[in-house]
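All remarks here apply to the structure that follows.
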Amino acid sequence: MKQVFTALALGSVLVGVPAFADAEVGKPAPAFTLKDETGKEHSLSQYKGKVVVLEWTNPECPFVQRHYQADTMANTLKGFDAKKVVWLAVDSTAHNTPEKSATWKKTEGFTYPVLQDASGATGKTYGAKTTPHMYVIDTEGVVRYAGAIDDDPRGKNDKKVNHVQTTVDAVLNGKPVPASTTTPYGCSVKYKS
Amino acid sequence: MKHSVSKRLALAGGIGMWLVAAVAQAALPPSAVATGAPDEGNPRLEAALLVDAAQVKPGDTFRVGVRFRLDPGWHIYWKNPGDSGLETDITWDTPGTTVGALQWPFPNTFRTPDGFIVTHGYDGEVLLFAQATASEQATGALNLSAAVNALVCEVHCIPADLMLTRSIPLGPTTLVDAESTPTFDAAKARVPRPVADTGHTAALALDVKQLTAGQEFTGTFTVSLPGGAAVPSSETDAFVPERIPGVDKLTLTQTAPGRFALKGKAEPDAPKAEPRLKGVLRLGTAATGYQALEVDVPMAPFAATVGAAAAPVVAKAPSIKDSLAAVKPVSSATKAAPAESTMGLGMALLFAFLGGALLNLMPCVFPVLALKAYGFTRMVRQEQGRVGAHAAAYAGGIVASMLALAGAVLAVRAGGAGVGWGFQFQEPLFVAAVSAVLVAFALNLFGVFNVGMDGTALAGKVDQSHGLLHSAGEGVLAVVLATPCSAPLLGTAVGFAFAAGPLTVLAVFTALGLGLALPFCLLVLVPGLAKKLPKPGAWMERFKQVLGFALLGTTVWLVWVMGGLAGVDGMARLLAFLVAVGLGTWVYGQSQLQEGGRRWGTLAVAALVLVGSGVAALRFEEAAPAARASSTVAQAQPWSDEAVASALAAGQPVFIDFTADWCLTCKFNERTVLSREEVRAAFTEHRVAFFVADWTRRDARITARLADHGRAGVPMYLVLSPGAPDKPEVLQELLTVDAVVDSVKRASECSPLRRQDGSKVLCAAGFPRP
């Protein structure tokens with residue numbers, strides 16, 4: 001019974017839907033090629049076979065600052081198998097520069113690249129609205145999660161559910177994702193206007 | 001007065017806000033005012049705790065609120081902030097005072113210049129307030145404090161955490177605070193009122209029957225006034241939706257005054273409850289004045305797509321996937337699956353139809369069926385041409401009573417009571433009535449009296465209209481008897497129907513009825529088949545009498561059900577009544593042999609016996625035989641949420657048996673599976689706490705729990721693991737020993753007490769696929 005459904009599910013995914021508009025859970029993730037703060041190019045296709053986590057970020061946003069003070073992102077990444085999971089931060093803030101990203105990365109001391117999207121093109125393709133706004137893409141390039149990093153917008157709960165962690169664990173173990181869309185919270189992405 | 005002055009000044013923008021604020025706040029204690037969201041040293045937000053009473057009498061109601069003032073260009077957020085932002089939160093700490101729900105004035109809608117990000121909130125000044133009631137026992141003064149957590153945004157955002165406190169003296173009368181009351185009244189005028197209170201009627205017509213995960217949908221929303229009075233035109237952004245679980249990107253665009261085009265998109269995950277259109281709607285324009293309404297109307301059931309790559313684990317409305325998993329062999333599932341969106345309803349109808357057909361074989365229906373088959377055999381021989389008419393009457397009787405049942409369900413559901421399949425057997429009078437009909441029927445078969453046939457009819461001529469009515473009546477009886485035999489497939493289909501809209505309920509019940517009538521339709525449609533029925537003869541008379549005993553057997557079961565409902569006394573009363581029914585019918589039978597006046601006299605005696613015994617005997621107290629062991633399974637405890645929680649807390653796996661005395665499938669499972677030695681041993685080995693939730697009599701808690709899992713009736717079997725208590729495993733309705741043993745073993749392995757490697761994720765995700 002379950003096999004039949006898995007087969008059907010996979011079938012409908014493989015037949016596929018052309019990638020356009022927002023990144024939708026269950027559909028292929030929109031392709032992108034962006035330079036990081038050092039000028040190196042990253043495209044989604046080169047990470048096929050790995051689970052990709054996208055984090056829309058903006059160091060000026062108090063919500064992002066709160067999570068970086070608590071090392072939420074770095075700790076989440078640490079919990080994954082580095083061979084299987086790639087973490088990419090994306091900054092779609094209109095007035096951001098590679099230099100600002102490099103400085104921020106140095107102060108915060110994290111390792112993953114900060115992709116430069118000052119034009120906002122990739123951010124709008126994904127429908128990224130807030131910082132932080134998280135996406136998880138599976139090894140086949142299908143979006144499996146879109147939404148908040150956790151269930152604690154105000155940063156006041158003792159117990160939190162880290163949605164990215166549960167999603168990545170579920171995807172790697174071939175389990176269903178407990179909650180595949182949540183409402184992202186935080187500052188709005190400061191797109192070019 | 002000061003307020004309107006200060007407002008005008010602020011609007012003029014000539015004088016800085018803070019100076020004006022200081023003037024207006026002359027009366028407020030310093031602790032009740034705070035500023036927050038410092039932007040390079042300049043606070044962007046000022047909040048003040050306002051109370052509309054200067055003195056409060058214990059027991060009286062007054063209003064408390066937080067007034068926010070924002071620098072120009074800055075805003076805070078409504079309860080649904082929109083694409084970004086954060087709901088403004090006020091947490092009250094008010095010993096001696098009960099504070100009600102926060103009242104939100106109609107919000108503004110803000111857009112980024114490119115229109116990509118849309119948010120809802122307030123700029124300038126706003127008062128968020130609530131009703132408060134002072135305790136009768138309060139003494140001294142009321143201490144009120146409000147912890148405010150707000151996100152203050154212009155282009156960038158600054159969180160503000162403020163604590164506001166003040167105290168209001170208690171006194172013999174409540175004195176209105178003249179200064180703040182106008183502020184409260186103005187805010188209250190902006191708070192949307194429920195449509196029911198304003199006299200408007202809100203209606204939503206979606207262009208789809210159900211929401212399909214990931215799919216966009218459209219519809220028309222209308223607001224009207226009684227008598228067709230004109231509804232004023234609205235401005236843009238007249239509708240602001242609340243967060244609707246399962247629905248995203250919901251907009252209403254005015255197409256004519258009072259008429260709006262709805263657009264939305266269903267999220268990939270099915271929500272826990274059927275989505276409702278919730279939000280606030282502001283009629284009118286700045287020129288005509290506004291009227292804000294609170295909208296809350298049902299949308300449509302939610303169906304998860306089979307093709308979705310991520311199968312949600314969260315609890316959801318019964319989708320077709322569940323139905324398939326519950327009942328269907330693989331082959332037909334593969335065929336049916338690609339139909340996508342309308343499949344939910346279509347498959348439910350198919351299952352209802354198949355379930356209806358299967359009901360014919362259930363012990364509670366079979367006697368009637370056999371009876372019908374017997375009558376049918378005779379008809380085929382005697383009057384070929386009218387077979388179709390009789391079959392149609394029988395099917396009509398079934399469908400009509402199914403629809404009546406559906407109507408009753410809808411009526412009761414609309415009335416707010418939770419009902420489920422088989423609910424009518426929770427009513428003692430109903431059980432008594434059905435028993436009486438069965439006994440009368442049996443006596444009829446024994447030849448004690450004749451229905452619809454006078455002396456000449458015995459020769460074999462059946463009065464046409466009467467015969468057709470008889471067929472229809474048999475159809476009705478088949479339905480009445482079928483309901484408690486919730487055959488395995490039926491549960492899912494009916495569960496689906498109960499969670500759905502009225503039309504779906506009617507459609508599913510019709511399909512059920514047609515399925516139940518199927519065997520006879522087949523006999524009519526296939527002429528050869530009818531010919532194969534055995535030849536009539538003396539055996540038919542004997543067979544008829546044997547069937548009478550089958551009906552009496554069914555009566556025994558009903559008497560036992562009555563025992564569960566109304567105790568031993570109830571059983572005795574029912575039996576006494578049934579004896580009277582026997583006497584009445586016998587007297588009636590005697591009257592059929594008599595003539596003229598004497599006959600009428602005897603008839604009167606029969607009627608008197610029936611009515612008299614009915615009045616005397618049919619008084620059932622809702623006896624509460626709490627001590628009664630309703631399950632045959634050892635170590636069973638009565639179910640309650642608290643008991644389950646404490647068992648789970650103690651690290652025990654939990655098995656819950658949702659059952660009822662009138663549910664034959666339940667009893668079958670209990671006898672053949674749950675009381676088996678292997679099952680008991682497994683329960684003992686894994687320290688399983690076994691709970692019985694007995695739905696023989698109405699129990700709203702059980703009805704609610706059944707609904708949580710998409711069921712409308714019993715049986716239902718839940719297995720909960722202490723490792724993942726919020727994710728129960730729902731077992732198939734027809735239990736097997738293996739299924740039960742495996743499930744409790746899985747549940748036990750997930751227990752934190754026994755888990756060795758501490759792999760929490762694997763366990764939580766691996767234990768149950770509901």
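Numbering starts fresh at 1 for the residues of each chain in the structure tokens, the chains themselves are lettered A, B, ... in the order given, and ligands are numbered from 1 as they appear.
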For the contact check between stretch 104-212 of chain B and stretch 52-70 of chain B, emit one row per residue of stretch 104-212 of chain B within 6 Å, containing the shortest atom pair and the distance in Å rounded to one decimal, counting only C-alpha atoms, chain then rising number order, as a tab-separated table.
residue	atom	partner	partner_atom	distance
B:Gly124	CA	B:Leu70	CA	5.1
B:Glu125	CA	B:Arg69	CA	4.5
B:Val126	CA	B:Phe68	CA	5.3
B:Leu127	CA	B:Arg67	CA	4.2
B:Leu128	CA	B:Gly65	CA	5.4
B:Phe129	CA	B:Gly65	CA	3.7
B:Ala130	CA	B:Val64	CA	5.6
B:Gln131	CA	B:Arg63	CA	4.7
B:Ala132	CA	B:Phe62	CA	5.3
B:Thr133	CA	B:Thr61	CA	4.3
B:Ala134	CA	B:Gly59	CA	4.9
B:Ser135	CA	B:Gly59	CA	5.1
B:Glu136	CA	B:Gly59	CA	4.4
B:Ala138	CA	B:Pro58	CA	5.9
B:Pro169	CA	B:Gln55	CA	5.2
B:Leu170	CA	B:Val56	CA	4.8
B:Gly171	CA	B:Lys57	CA	5.1
B:Pro172	CA	B:Lys57	CA	5.3
B:Thr173	CA	B:Lys57	CA	4.9
B:Thr174	CA	B:Val56	CA	4.2
B:Leu175	CA	B:Gln55	CA	5.0
B:Val176	CA	B:Ala53	CA	4.4
B:Asp177	CA	B:Ala53	CA	4.5
B:Ser180	CA	B:Asp52	CA	5.5
B:Thr181	CA	B:Asp52	CA	5.0
All residues 12 Å or closer to B:Ala645, only C-alpha atoms, same chain fewer than 4 positions away omitted, as a PyMOL selection string: chain B and resi 639-641+649-654+689+691+720-722+724-726
Generate a file of the selected residues that holds N, CA and C atoms, formatted as a short mmCIF file (atom, residue, chain, number, x, y, z; two decimals), in the first residue's frame.
data_model
loop_
_atom_site.label_atom_id
_atom_site.label_comp_id
_atom_site.auth_asym_id
_atom_site.auth_seq_id
_atom_site.Cartn_x
_atom_site.Cartn_y
_atom_site.Cartn_z
N TRP B 639 -12.12 4.99 30.22
CA TRP B 639 -11.27 5.97 29.56
C TRP B 639 -11.53 7.39 30.04
N SER B 640 -10.46 8.15 30.18
CA SER B 640 -10.58 9.60 30.31
C SER B 640 -9.24 10.17 29.87
N ASP B 641 -9.25 11.39 29.37
CA ASP B 641 -8.01 12.00 28.89
C ASP B 641 -6.96 12.05 29.99
N ALA B 649 2.52 9.30 31.17
CA ALA B 649 3.57 9.92 31.98
C ALA B 649 4.35 8.86 32.75
N ALA B 650 3.66 7.77 33.10
CA ALA B 650 4.33 6.69 33.82
C ALA B 650 5.12 5.80 32.87
N GLY B 651 5.16 6.18 31.58
CA GLY B 651 5.95 5.42 30.63
C GLY B 651 5.25 4.21 30.06
N GLN B 652 3.94 4.10 30.29
CA GLN B 652 3.21 2.94 29.78
C GLN B 652 2.65 3.22 28.40
N PRO B 653 2.75 2.26 27.47
CA PRO B 653 2.01 2.40 26.22
C PRO B 653 0.50 2.31 26.54
N VAL B 654 -0.31 2.95 25.71
CA VAL B 654 -1.74 3.00 25.98
C VAL B 654 -2.52 2.46 24.78
N ALA B 689 -1.42 0.00 29.24
CA ALA B 689 -2.61 0.46 29.95
C ALA B 689 -3.78 0.38 28.98
N PHE B 691 -7.58 1.04 27.99
CA PHE B 691 -8.73 1.88 28.35
C PHE B 691 -9.90 1.57 27.43
N LEU B 720 -1.14 4.56 21.78
CA LEU B 720 -0.29 5.71 22.04
C LEU B 720 1.01 5.25 22.66
N SER B 721 2.08 5.87 22.18
CA SER B 721 3.37 5.53 22.76
C SER B 721 3.80 6.64 23.70
N PRO B 722 4.37 6.31 24.86
CA PRO B 722 4.87 7.37 25.74
C PRO B 722 5.99 8.16 25.07
N ALA B 724 5.95 9.20 21.91
CA ALA B 724 5.36 10.17 20.99
C ALA B 724 3.87 10.26 21.29
N PRO B 725 3.53 10.80 22.47
CA PRO B 725 2.14 10.74 22.95
C PRO B 725 1.16 11.50 22.07
N ASP B 726 1.66 12.47 21.29
CA ASP B 726 0.72 13.26 20.48
C ASP B 726 0.49 12.62 19.12
#
Quick one: everything within 12 Å of A:His95, counting only C-alpha atoms, minus sequence neighbours fewer than 2 positions away in the same chain. Send it as a tab-separated table (two decimals) with C-alpha atoms, in the first residue's frame.
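So the final result, stored in out.tsv, reads:
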chain	number	residue	atom	x	y	z
A	58	ASN	CA	19.98	40.43	6.82
A	59	PRO	CA	22.49	41.25	9.58
A	60	GLU	CA	20.64	44.52	10.32
A	91	ASP	CA	21.10	38.31	1.48
A	92	SER	CA	18.58	40.08	-0.77
A	93	THR	CA	18.89	43.43	1.01
A	97	THR	CA	27.55	44.63	-0.35
A	98	PRO	CA	29.96	41.66	-0.43
A	99	GLU	CA	32.24	43.59	1.92
A	100	LYS	CA	29.49	43.99	4.52
A	101	SER	CA	28.74	40.27	4.30
A	116	GLN	CA	24.76	38.14	-2.84
A	117	ASP	CA	21.29	38.92	-4.22
A	118	ALA	CA	21.11	42.71	-3.97
A	119	SER	CA	18.97	42.76	-7.12
A	120	GLY	CA	16.41	40.68	-5.23
A	189	VAL	CA	13.26	41.49	3.23
A	190	LYS	CA	14.51	44.96	2.23
A	191	TYR	CA	14.22	44.51	-1.53
A	192	LYS	CA	15.40	47.07	-4.08
A	193	SER	CA	12.48	49.26	-5.07
Atom CA of A:Lys156 to atom CA of B:Asn149 measures 10.7 Å
Residue with smallest distance to chain B - pool A:Leu44, A:Leu115, A:Val53, A:Ala148, counting only C-alpha atoms: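 When distances to chain B are compared using only C-alpha atoms, the smallest one comes from A:Ala148.
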Between atom CA of A:Thr76 and atom CA of A:Gly141, what is the spacing in Å?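 Computed distance, atom CA of A:Gly141 to atom CA of A:Thr76, equals 20.8 Å.
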Rank nothing, just name the residue among B:Val740, B:Cys157, B:Leu593, B:Val692 nearest to chain A, using only C-alpha atoms.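 Closest candidate: B:Cys157.
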Please provide as a VMD selection string all residues within 12 Å of A:Phe63, with the sequence filter that same-chain residues fewer than 5 positions apart are discarded (counting only C-alpha atoms). (chain A and resid 56 to 58 68 to 70 72 130 to 133 148 to 150 152 to 155 184 to 189) or (chain B and resid 84 to 86 151 156 to 159)
Residue list (helix (DSSP H, G or I), DSSP) for stretch 74-156 of chain A, as a list in words: Ala74, Asn75, Thr76, Leu77, Lys78, Pro98, Glu99, Lys100, Ser101, Ala102, Thr103, Trp104, Lys105, Lys106, Thr107, Glu108, Ala121, Thr122, Gly123, Lys124, Thr125 and Tyr126 of chain A
So which one's closest to B:Arg711, B:Ala141, B:Phe549, B:Phe658, B:Asp161? Using only C-alpha atoms, please. B:Phe658
So that I can check the surroundings of A:Gly49, please list as a PyMOL selection string every protein, DNA and RNA residue that reaches within 12 Å of it, counting only C-alpha atoms and ignoring chain neighbours fewer than 5 positions away. chain A and resi 44+83-86+137-142+172
